[in-house]
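S.K.: If you scroll down you'll find the structure; I have some questions about it.
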Amino acid sequence: MAGVSRSGKTFTAKQGQYLAYIHLYTRLHRRPPGETDMQEYFRVSPPSVHQMVLTLERAGFIQRQPRTPRSIELLADPNQLPDLL
């Protein structure tokens, strides 16, 4: 099941989970997650998380500041995100 962002682009279920995690982590901690946080939550390798971040950025679901840690900004509509599993 795919979701739809503000821009009308669709994301996969896996991408939706990452987007939901970014949204909830940012709300709870008042700062975006680092890639290490996502790696620990999803139990995947550092390259897997980095590739997902790059994919989400290319698709326009997030944006980041180059060479700035914890700079992920969610661009997808939070109301369209799935529940975090």
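Labels used: A, B, ... for chains in the order of the structure tokens, numbers from 1 for residues in each chain, and numbers from 1 for ligands as shown.
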Which neighbours of range 50-59 of chain A fall inside 10 Å, counting only C-alpha atoms, when residues of the same chain fewer than 5 positions from it are skipped, and could you give them as a list of chain:residue names?
M.R.: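 In the requested form, the answer reads A:Lys9, A:Thr10, A:Phe11, A:Lys14, A:Gln15, A:Gly16, A:Tyr18, A:Leu19, A:Glu35, A:Thr36, A:Met38, A:Gln39, A:Ser45, A:Arg64, A:Ile72, A:Glu73, A:Leu74, A:Leu75, A:Ala76.
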S.K.: In chain A, what's alpha helix (DSSP H) per DSSP? Answer as a PyMOL selection string?
M.R.: chain A and resi 13-29+35-42+46-59
S.K.: Please produce an output containing C-alpha atoms for each residue in the selection, written as a CSV table (one decimal), in the first residue's frame.
M.R.:
```
chain,number,residue,atom,x,y,z
A,13,ALA,CA,5.3,1.1,2.2
A,14,LYS,CA,9.0,1.0,3.2
A,15,GLN,CA,9.5,4.6,2.4
A,16,GLY,CA,6.4,5.5,4.3
A,17,GLN,CA,7.8,3.8,7.4
A,18,TYR,CA,11.0,5.8,7.2
A,19,LEU,CA,9.0,9.0,6.6
A,20,ALA,CA,6.7,8.2,9.6
A,21,TYR,CA,9.8,7.6,11.7
A,22,ILE,CA,11.4,10.9,10.7
A,23,HIS,CA,8.1,12.7,11.5
A,24,LEU,CA,7.6,11.1,14.9
A,25,TYR,CA,11.2,11.3,16.0
A,26,THR,CA,11.3,15.0,15.1
A,27,ARG,CA,8.1,15.6,17.1
A,28,LEU,CA,9.4,13.7,20.2
A,29,HIS,CA,13.0,15.0,20.3
A,35,GLU,CA,21.1,8.1,10.2
A,36,THR,CA,22.4,6.1,13.2
A,37,ASP,CA,19.0,6.5,14.9
A,38,MET,CA,17.3,5.1,11.8
A,39,GLN,CA,19.8,2.3,11.5
A,40,GLU,CA,19.1,1.2,15.1
A,41,TYR,CA,15.3,1.4,14.8
A,42,PHE,CA,15.0,-0.4,11.5
A,46,PRO,CA,24.5,2.1,7.5
A,47,PRO,CA,24.6,1.9,3.7
A,48,SER,CA,21.0,0.8,3.6
A,49,VAL,CA,19.9,3.8,5.7
A,50,HIS,CA,22.0,6.2,3.6
A,51,GLN,CA,20.5,4.9,0.4
A,52,MET,CA,17.0,5.3,1.7
A,53,VAL,CA,17.7,8.9,2.8
A,54,LEU,CA,19.1,9.6,-0.7
A,55,THR,CA,16.1,8.0,-2.3
A,56,LEU,CA,13.7,10.0,-0.2
A,57,GLU,CA,15.6,13.2,-1.0
A,58,ARG,CA,15.7,12.6,-4.8
A,59,ALA,CA,11.9,11.8,-4.7
```
